[in-house]
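Have a look at the structure below, then the notes.
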Amino acid sequence: MDFALNDEQKMMIDTVRRFIAEELRPLEDRLENDGHIDRDTATTIHEKAKALGLYALNMPAEFGGGGLSNLDRILCEEQFGHTSDYLIRRAFGNVYEPLLHCRGEQFARWLEPSVAGKRTCAIAITEPGAGSDAAGIRTHAKKTDTGWVLNGGKHFISDGEWSDFFLVSARTGEKEISMFMVDKGLAGFTVGKDQQMMGIRGTPHLELFFDNVQLDDAALLGERGQGFKLAMSALNVVRLAQVGARAIGKASHVLELMTAYANDRQQFGQRIGDFQMVQQMLADSVIEINAARWMVYHAAWMLDQGFDAREQIAMVKVHAAETLGRVVDRAVQVFGGMGFCKELPIERYYRDARIYRIFDGTSEIHRGVIAKSAMKKGASLFELHR
């Protein structure tokens, strides 16, 4: 077992960390106050990230992506967690793995422009009656002589405002779900309201409505009936990278601010970091962040080795999300009244952290998955070797 970062990994982390500090962090207050960043600024950071090779890091190099291993990608995603979700999306992109199932003309229409940053996509699975239950969707597509007719609707679709097309899951049979690439602007495809959120300011969460939307045969991604599998494989990667790793990055960023404040803030003639109650909050945060980080790295390593890591990713989703919640809650307590004020970013981090226990499967759903696996597999799920 080798837990050391190599020189290339250190350089990669330093590059991402520097880009965030110099290009993205100065935009955070503007984003929080205005709720958006103008397109010229968004285009500028997008182009700068691409110039450094920081765009579409999860896509194979043969298609123009970063070609990173799962573990190396996770190292970058952890650093992404040090800034706002909206800025991550604009700078580094959000190219979903199901696009790797493109074939023939689909490469030029959807995959290649996405990896090049010329087109942006969002994944559209969630519906009012199908949140954690991704198999409960009602949106459906009917086969025709020339393609498909899509009807239904989605909601809470992240980044829908910026997306040129969507990976839409739809029923194509009573017990069959398929995935389609649906371009914005098609007749019958309308975009509804942006659901305003408590946190993650700037990232739009839109409603989508499909009323007899005509799709050609090329819009089907992968094989018919493969949609649920594609959706779950995409969500597994999202849970590990965009939830697990980013949660660790956010928690680390908050803890760094917390320890600096505990060193500087004086009460009763001494640093508040000298009080045992504050020391316990700092120590618990350090312990939990390190534990969660190694869970994330282990799951990424398993994926790189070709192992099935579904249960490990479920554990990551729960533990990393809840670690972030506990760390930011302690930060508010350590900062006291200032932690509750908008003058400092701590209250923003507190609001942003809450969604991590909900999106991409609630903590309760994942605990159920873990428990059922434990009852089925026994000690092999929690012993080092069986």
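Every chain in the structure tokens has a letter given in the order shown (A, B, ...), and although residue numbers restart at 1 in each chain, ligands are simply numbered from 1 in the order shown.
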Nearby residues (only C-alpha atoms) at most 12 Å from range 190-197 of chain A, same-chain spacing under 4 positions excluded, as a PyMOL selection string
chain A and resi 35+151-166+182-186+201-213+351-352+354-355
Hey, which bits of range 304-350 of chain A sit within 9 Å of range 242-248 of chain A, and for each residue what's the closest pair of atoms and how far apart in Å (one decimal), counting only C-alpha atoms, rows by chain and increasing number, as CSV?
```
residue,atom,partner,partner_atom,distance
A:Ile313,CA,A:Gly244,CA,8.3
A:Val316,CA,A:Gly244,CA,5.8
A:Lys317,CA,A:Gly244,CA,5.6
A:Val318,CA,A:Gly244,CA,8.4
A:His319,CA,A:Gly244,CA,8.2
A:Ala320,CA,A:Gly244,CA,5.3
A:Ala321,CA,A:Ala247,CA,6.0
A:Glu322,CA,A:Ala247,CA,8.9
A:Thr323,CA,A:Ile248,CA,7.9
A:Leu324,CA,A:Ala247,CA,5.8
A:Gly325,CA,A:Ala247,CA,8.9
```
Selection export as a PDB file, in the first residue's frame, atoms kept: N, CA and C atoms:
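Output below, filename out_24.pdb:
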```
ATOM      1  N   ILE A 313     -19.370   3.496  -2.464  1.00  0.00           N
ATOM      2  CA  ILE A 313     -19.796   4.844  -2.848  1.00  0.00           C
ATOM      3  C   ILE A 313     -21.004   5.275  -2.026  1.00  0.00           C
ATOM      4  N   VAL A 316     -19.598   6.452   1.158  1.00  0.00           N
ATOM      5  CA  VAL A 316     -18.997   7.769   0.948  1.00  0.00           C
ATOM      6  C   VAL A 316     -20.070   8.844   0.930  1.00  0.00           C
ATOM      7  N   LYS A 317     -21.145   8.595   0.193  1.00  0.00           N
ATOM      8  CA  LYS A 317     -22.216   9.595   0.064  1.00  0.00           C
ATOM      9  C   LYS A 317     -22.749   9.996   1.433  1.00  0.00           C
ATOM     10  N   VAL A 318     -22.963   9.015   2.300  1.00  0.00           N
ATOM     11  CA  VAL A 318     -23.487   9.305   3.638  1.00  0.00           C
ATOM     12  C   VAL A 318     -22.434   9.998   4.499  1.00  0.00           C
ATOM     13  N   HIS A 319     -21.259   9.384   4.600  1.00  0.00           N
ATOM     14  CA  HIS A 319     -20.270   9.871   5.571  1.00  0.00           C
ATOM     15  C   HIS A 319     -19.678  11.222   5.179  1.00  0.00           C
ATOM     16  N   ALA A 320     -19.351  11.409   3.903  1.00  0.00           N
ATOM     17  CA  ALA A 320     -18.756  12.684   3.490  1.00  0.00           C
ATOM     18  C   ALA A 320     -19.769  13.819   3.612  1.00  0.00           C
ATOM     19  N   ALA A 321     -21.012  13.569   3.181  1.00  0.00           N
ATOM     20  CA  ALA A 321     -22.043  14.614   3.269  1.00  0.00           C
ATOM     21  C   ALA A 321     -22.306  15.009   4.718  1.00  0.00           C
ATOM     22  N   GLU A 322     -22.379  14.023   5.605  1.00  0.00           N
ATOM     23  CA  GLU A 322     -22.676  14.326   7.007  1.00  0.00           C
ATOM     24  C   GLU A 322     -21.462  14.901   7.724  1.00  0.00           C
ATOM     25  N   THR A 323     -20.268  14.524   7.297  1.00  0.00           N
ATOM     26  CA  THR A 323     -19.061  15.151   7.837  1.00  0.00           C
ATOM     27  C   THR A 323     -19.049  16.634   7.506  1.00  0.00           C
ATOM     28  N   LEU A 324     -19.340  16.969   6.264  1.00  0.00           N
ATOM     29  CA  LEU A 324     -19.405  18.380   5.877  1.00  0.00           C
ATOM     30  C   LEU A 324     -20.414  19.129   6.731  1.00  0.00           C
ATOM     31  N   GLY A 325     -21.580  18.542   6.935  1.00  0.00           N
ATOM     32  CA  GLY A 325     -22.602  19.204   7.748  1.00  0.00           C
ATOM     33  C   GLY A 325     -22.135  19.471   9.168  1.00  0.00           C
TER      34      GLY A 325
END
```
Compile the contact shell of Cys76 in chain A as a ChimeraX atom specification: residues with an atom at most 8 Å away, counting only C-alpha atoms, same-chain residues fewer than 4 positions apart removed.
/A:12-13,16,72,80
Would you save the residues from that selection as a PDB file, in the first residue's frame, using N, CA and C atoms?
```pdb
ATOM      1  N   MET A  12      -0.660  18.749 -10.132  1.00  0.00           N
ATOM      2  CA  MET A  12      -2.045  18.877 -10.558  1.00  0.00           C
ATOM      3  C   MET A  12      -2.883  19.562  -9.478  1.00  0.00           C
ATOM      4  N   ILE A  13      -2.716  19.144  -8.242  1.00  0.00           N
ATOM      5  CA  ILE A  13      -3.443  19.760  -7.135  1.00  0.00           C
ATOM      6  C   ILE A  13      -3.067  21.231  -7.004  1.00  0.00           C
ATOM      7  N   VAL A  16      -4.777  23.318  -9.813  1.00  0.00           N
ATOM      8  CA  VAL A  16      -6.206  23.547  -9.558  1.00  0.00           C
ATOM      9  C   VAL A  16      -6.392  24.515  -8.404  1.00  0.00           C
ATOM     10  N   ASP A  72      -7.129  10.176  -9.675  1.00  0.00           N
ATOM     11  CA  ASP A  72      -6.603  11.496  -9.997  1.00  0.00           C
ATOM     12  C   ASP A  72      -7.728  12.517 -10.173  1.00  0.00           C
ATOM     13  N   PHE A  80     -11.930  21.236  -6.189  1.00  0.00           N
ATOM     14  CA  PHE A  80     -13.094  21.963  -6.690  1.00  0.00           C
ATOM     15  C   PHE A  80     -14.019  22.346  -5.542  1.00  0.00           C
TER      16      PHE A  80
END
```
Among range 46-268 of chain A, which residues carry a DSSP assignment of strand (DSSP E), reported as a ChimeraX atom specification?
/A:121-124,140-143,147-158,165-173,176-183,189-194,205-216,220-221,266-267
Hey, which of A:Asn236, A:Thr126, A:Gln266, A:Gln106 ends up closest to Leu220 in chain A? Count only C-alpha atoms.
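Residue with the minimum atom-to-atom distance to Leu220 in chain A: A:Gln106.
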Fewer than 5 positions away in the same chain doesn't count, so skip those; otherwise give me all residues within 9 Å of Trp301 in chain A, counting only C-alpha atoms, as a list in words.
Ser69, Asn70, Leu71, Val296, Gly306 and Phe307 of chain A
Could you write those residues out with N, CA and C atoms, as a CSV table (one decimal), in the first residue's frame?
```csv
chain,number,residue,atom,x,y,z
A,69,SER,N,-7.3,9.1,-14.3
A,69,SER,CA,-7.9,7.9,-13.6
A,69,SER,C,-8.9,8.4,-12.6
A,70,ASN,N,-9.7,7.5,-12.1
A,70,ASN,CA,-10.7,7.9,-11.1
A,70,ASN,C,-10.1,8.6,-9.9
A,71,LEU,N,-9.0,8.0,-9.4
A,71,LEU,CA,-8.3,8.6,-8.2
A,71,LEU,C,-7.8,10.0,-8.5
A,296,VAL,N,-13.2,8.1,0.4
A,296,VAL,CA,-13.4,8.5,-1.0
A,296,VAL,C,-12.2,8.0,-1.9
A,306,GLY,N,-11.3,-1.8,-11.4
A,306,GLY,CA,-12.3,-2.6,-12.1
A,306,GLY,C,-13.3,-3.3,-11.1
A,307,PHE,N,-13.2,-2.9,-9.8
A,307,PHE,CA,-14.1,-3.6,-8.9
A,307,PHE,C,-15.5,-2.9,-8.8
```
